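Visitor: Take this structure, written in structure tokens, and hold onto it; I'll ask about it next.
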Amino acid sequence: MRLQKVRALTARPFGVNLNNNYPQDRHLDETLNSGVKVISFFWGTNEAHIARAKKVGALVLQTVGTSSDAQLAVSAGADIIVAQGWEAGGHVCSLVTTLALVPAVVDAVPGTPVVAAGGIADGRGVAAVLALGAAGAWIGTRFLLANEATMTPGYRALVIASGEADTQSGRGENPTWYESAIRWIGRQKEPWISEFGPRPRWPRGRPCSAPTGRGGNRRRDLE
Ligand SMILES: Cc1cc2nc3c(=O)[nH]c(=O)nc-3n(C[C@H](O)[C@H](O)[C@H](O)COP(=O)(O)O)c2cc1C
């Protein structure tokens, strides 16, 4: 339904983003059957999903948080790697800062374009990640201020008033998205619970973007 709405609004190509923490078989089918040719996967590499998208000629972007996950995604067929650093707003896969992550990922997947995400808000940030070897920048928080964003006036004002020290990182309360780390602007506690400590929460070698294989639910993998 949403795909039809987007189609009605533009004749230009557009992509669809799917969260591998949840089963996405039906959404992926609907997306590919509707002819969408750009698919971006977040929170876990699901090789079967990538293979299905590639089979119908779609361009696949995979968001990762480590260089080893980038290699995994490229071997699974991903065309473009989105290296999301720890600074990123929203749900965050990585425990590595953008400055450290991007060159490591670029080196790990030679020949595959890497797009940098996390803490980029203006032309200087774009120039910086290009200098690190990225092919482009993936910007999130800054676009919350776009006219098209469905922000409340209150949150819009908060984003505008915020400085670099005004983000918090915490754990999502959603029990279906196990220990998902989130970064948001503001000092309010709600709707998320208190900050993580400095230590990684994921067992070594099993970061959030490790292959999930069973419909993308990482929680079951960890149990
Ligand atoms: C409000 C918000 C919602 C987000 N939702 C998604 C999402 O649904 N899927 C996704 O892949 N990334 C999502 N992200 C993360 C962005 O894709 C991107 O990695 C991040 O915003 C980059 O960091 P920046 O916010 O510092 O620009 C979201 C980010 C924000 C701020």
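Residues in the structure tokens are numbered from 1 in each chain, the chains being A, B, ... in the order shown, and ligands are numbered from 1 in the order shown.
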Would you list the residues that come within 6 Å of ligand 1? Count only C-alpha atoms and all ligand atoms and give the answer as a PyMOL selection string.

Guide: chain A and resi 42+84+87-91+117-120+139-141

Visitor: What's the 12 Å shell around Arg12 of chain A, counting only C-alpha atoms, without same-chain residues fewer than 6 positions away, as a PyMOL selection string?

Guide: chain A and resi 6+36-38

Visitor: Write down as a PyMOL selection string the residues of segment 45-215 of chain A whose backbone DSSP state falls under strand (DSSP E).

Guide: chain A and resi 59-64+80-84+90-91+114-117+136-138+167-171+181-185+193-195

Visitor: Now that the selection is made, can you save its residues with N, CA and C atoms as a short mmCIF file (atom, residue, chain, number, x, y, z; two decimals), in the first residue's frame?

Guide:
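What ended up in part_0.cif:
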```
data_model
loop_
_atom_site.label_atom_id
_atom_site.label_comp_id
_atom_site.auth_asym_id
_atom_site.auth_seq_id
_atom_site.Cartn_x
_atom_site.Cartn_y
_atom_site.Cartn_z
N LEU A 59 19.41 -3.71 -6.67
CA LEU A 59 20.67 -3.23 -6.07
C LEU A 59 20.53 -3.37 -4.56
N VAL A 60 21.50 -4.02 -3.93
CA VAL A 60 21.38 -4.28 -2.49
C VAL A 60 22.39 -3.47 -1.70
N LEU A 61 21.88 -2.74 -0.72
CA LEU A 61 22.73 -2.04 0.25
C LEU A 61 22.59 -2.76 1.58
N GLN A 62 23.71 -2.96 2.25
CA GLN A 62 23.67 -3.62 3.57
C GLN A 62 24.36 -2.72 4.59
N THR A 63 23.64 -2.40 5.63
CA THR A 63 24.25 -1.62 6.71
C THR A 63 25.00 -2.55 7.66
N VAL A 64 26.22 -2.17 7.99
CA VAL A 64 27.06 -2.98 8.88
C VAL A 64 27.70 -2.09 9.94
N ILE A 80 26.49 -2.52 -2.21
CA ILE A 80 26.98 -1.31 -1.54
C ILE A 80 26.93 -1.56 -0.04
N ILE A 81 27.98 -1.15 0.65
CA ILE A 81 28.01 -1.29 2.11
C ILE A 81 27.77 0.07 2.75
N VAL A 82 26.86 0.09 3.71
CA VAL A 82 26.65 1.30 4.50
C VAL A 82 27.34 1.05 5.84
N ALA A 83 28.40 1.80 6.09
CA ALA A 83 29.15 1.64 7.33
C ALA A 83 28.59 2.63 8.35
N GLN A 84 27.83 2.10 9.30
CA GLN A 84 27.15 2.97 10.27
C GLN A 84 27.95 3.01 11.56
N GLY A 90 19.18 7.10 15.80
CA GLY A 90 18.28 5.96 15.58
C GLY A 90 18.88 4.68 16.14
N HIS A 91 18.48 3.54 15.60
CA HIS A 91 19.03 2.27 16.07
C HIS A 91 20.44 2.11 15.51
N VAL A 114 31.49 2.07 -0.44
CA VAL A 114 31.12 2.16 0.98
C VAL A 114 30.51 3.54 1.21
N VAL A 115 29.35 3.54 1.84
CA VAL A 115 28.68 4.79 2.18
C VAL A 115 28.78 4.95 3.69
N ALA A 116 29.21 6.13 4.13
CA ALA A 116 29.43 6.36 5.56
C ALA A 116 28.19 6.95 6.21
N ALA A 117 27.86 6.43 7.40
CA ALA A 117 26.71 6.96 8.16
C ALA A 117 27.12 7.16 9.60
N GLY A 136 30.25 7.93 -0.51
CA GLY A 136 29.15 8.86 -0.26
C GLY A 136 28.80 8.89 1.22
N ALA A 137 27.84 9.74 1.54
CA ALA A 137 27.41 9.88 2.93
C ALA A 137 25.92 9.56 3.04
N TRP A 138 25.57 8.92 4.15
CA TRP A 138 24.18 8.53 4.43
C TRP A 138 23.80 9.31 5.67
N THR A 167 23.16 14.28 22.67
CA THR A 167 22.56 12.99 22.32
C THR A 167 22.74 12.02 23.47
N GLN A 168 21.87 11.05 23.51
CA GLN A 168 22.00 9.97 24.49
C GLN A 168 21.94 8.64 23.78
N SER A 169 22.61 7.67 24.37
CA SER A 169 22.54 6.33 23.80
C SER A 169 21.89 5.43 24.84
N GLY A 170 20.97 4.61 24.42
CA GLY A 170 20.27 3.75 25.38
C GLY A 170 19.79 2.47 24.74
N ARG A 171 19.07 1.75 25.52
CA ARG A 171 18.58 0.47 25.05
C ARG A 171 17.09 0.57 24.80
N ALA A 181 20.37 -0.98 20.54
CA ALA A 181 20.92 0.29 21.01
C ALA A 181 20.34 1.42 20.17
N ILE A 182 20.02 2.50 20.83
CA ILE A 182 19.42 3.64 20.14
C ILE A 182 20.13 4.91 20.56
N ARG A 183 20.34 5.80 19.62
CA ARG A 183 20.83 7.14 19.98
C ARG A 183 19.76 8.14 19.60
N TRP A 184 19.49 9.05 20.51
CA TRP A 184 18.48 10.05 20.25
C TRP A 184 18.93 11.39 20.79
N ILE A 185 18.23 12.43 20.35
CA ILE A 185 18.55 13.78 20.80
C ILE A 185 17.67 14.15 21.98
N ILE A 193 15.04 3.38 28.12
CA ILE A 193 15.60 3.22 29.45
C ILE A 193 17.05 3.69 29.47
N SER A 194 17.67 3.62 30.63
CA SER A 194 18.91 4.34 30.86
C SER A 194 20.08 3.86 30.00
N GLU A 195 21.12 4.65 30.04
CA GLU A 195 22.26 4.43 29.15
C GLU A 195 22.96 3.11 29.39
#
```

Visitor: If you run DSSP on this backbone, which residues of segment 18-188 of chain A come out as helix (DSSP H, G or I), and could you give them as a PyMOL selection string?

Guide: chain A and resi 25-33+47-55+67-75+98-108+123-131+141-145+153-161

Visitor: Please determine, counting only C-alpha atoms, which residue among A:Arg52, A:Val106, A:Ser34, A:Gly123 has the shortest atom-to-atom distance to Phe14 of chain A.

Guide: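 Among the listed residues, A:Ser34 lies closest to Phe14 of chain A.
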
Visitor: Calculated over only C-alpha atoms, which of the candidates A:Ile160, A:Ser75, A:Leu145, A:Ser180 has the smallest distance to Asn19 of chain A?

Guide: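 Among the listed residues, the smallest separation from Asn19 of chain A belongs to A:Ser180.
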
Visitor: Measuring atom to atom with only C-alpha atoms, identify which of A:Ala53, A:Ala134, A:Ala48, A:Leu101 is nearest to Ser68 of chain A.

Guide: A:Leu101

Visitor: Show me, as a short mmCIF file (atom, residue, chain, number, x, y, z; two decimals) with C-alpha atoms, in the first residue's frame, the residues that have an atom within 12 Å of Thr66 of chain A when counting only C-alpha atoms, minus same-chain residues fewer than 6 positions from it.

Guide:
```cif
data_model
loop_
_atom_site.label_atom_id
_atom_site.label_comp_id
_atom_site.auth_asym_id
_atom_site.auth_seq_id
_atom_site.Cartn_x
_atom_site.Cartn_y
_atom_site.Cartn_z
CA TRP A 43 20.37 -5.01 11.43
CA GLY A 44 21.82 -8.25 10.28
CA THR A 45 22.91 -9.85 7.06
CA LEU A 72 30.27 -11.13 4.99
CA ALA A 73 27.69 -8.94 3.28
CA ILE A 81 28.01 -1.29 2.11
CA VAL A 82 26.65 1.30 4.50
CA ALA A 83 29.15 1.64 7.33
CA GLN A 84 27.15 2.97 10.27
CA GLY A 85 29.25 4.36 13.08
CA TRP A 86 28.42 4.55 16.77
CA VAL A 92 22.76 1.72 16.02
CA CYS A 93 24.52 -1.49 15.16
CA SER A 94 28.06 -0.44 15.80
CA LEU A 95 30.31 0.07 18.77
CA VAL A 96 32.91 1.72 16.51
CA THR A 97 33.03 5.42 15.68
CA THR A 98 32.49 6.53 12.10
CA ALA A 100 37.51 4.50 12.76
CA LEU A 101 34.91 2.34 11.05
CA VAL A 102 34.82 3.82 7.57
CA PRO A 103 38.50 3.35 6.58
CA ALA A 104 38.48 -0.14 8.09
CA VAL A 105 35.44 -1.09 6.03
CA VAL A 106 36.82 0.55 2.90
CA ASP A 107 39.99 -1.51 3.23
CA ALA A 108 38.05 -4.70 3.98
CA VAL A 109 35.91 -4.64 0.84
CA ARG A 204 32.49 -11.30 20.70
CA GLY A 205 32.20 -12.38 17.10
CA ARG A 206 28.42 -12.07 17.11
CA PRO A 207 27.68 -8.43 16.39
CA CYS A 208 24.23 -7.34 15.35
CA SER A 209 25.05 -7.67 11.71
CA ALA A 210 26.23 -11.25 11.88
#
```

Visitor: Determine the nearest neighbour of Leu32 of chain A from the options A:Arg124, A:Arg142, A:His49, A:Lys5, counting only C-alpha atoms.

Guide: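 Smallest distance to Leu32 of chain A is found for A:His49.
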
Visitor: Record the distance separating atom CA of Asn174 of chain A and atom CA of Arg156 of chain A, expressed in Å with one decimal.

Guide: 24.1 Å
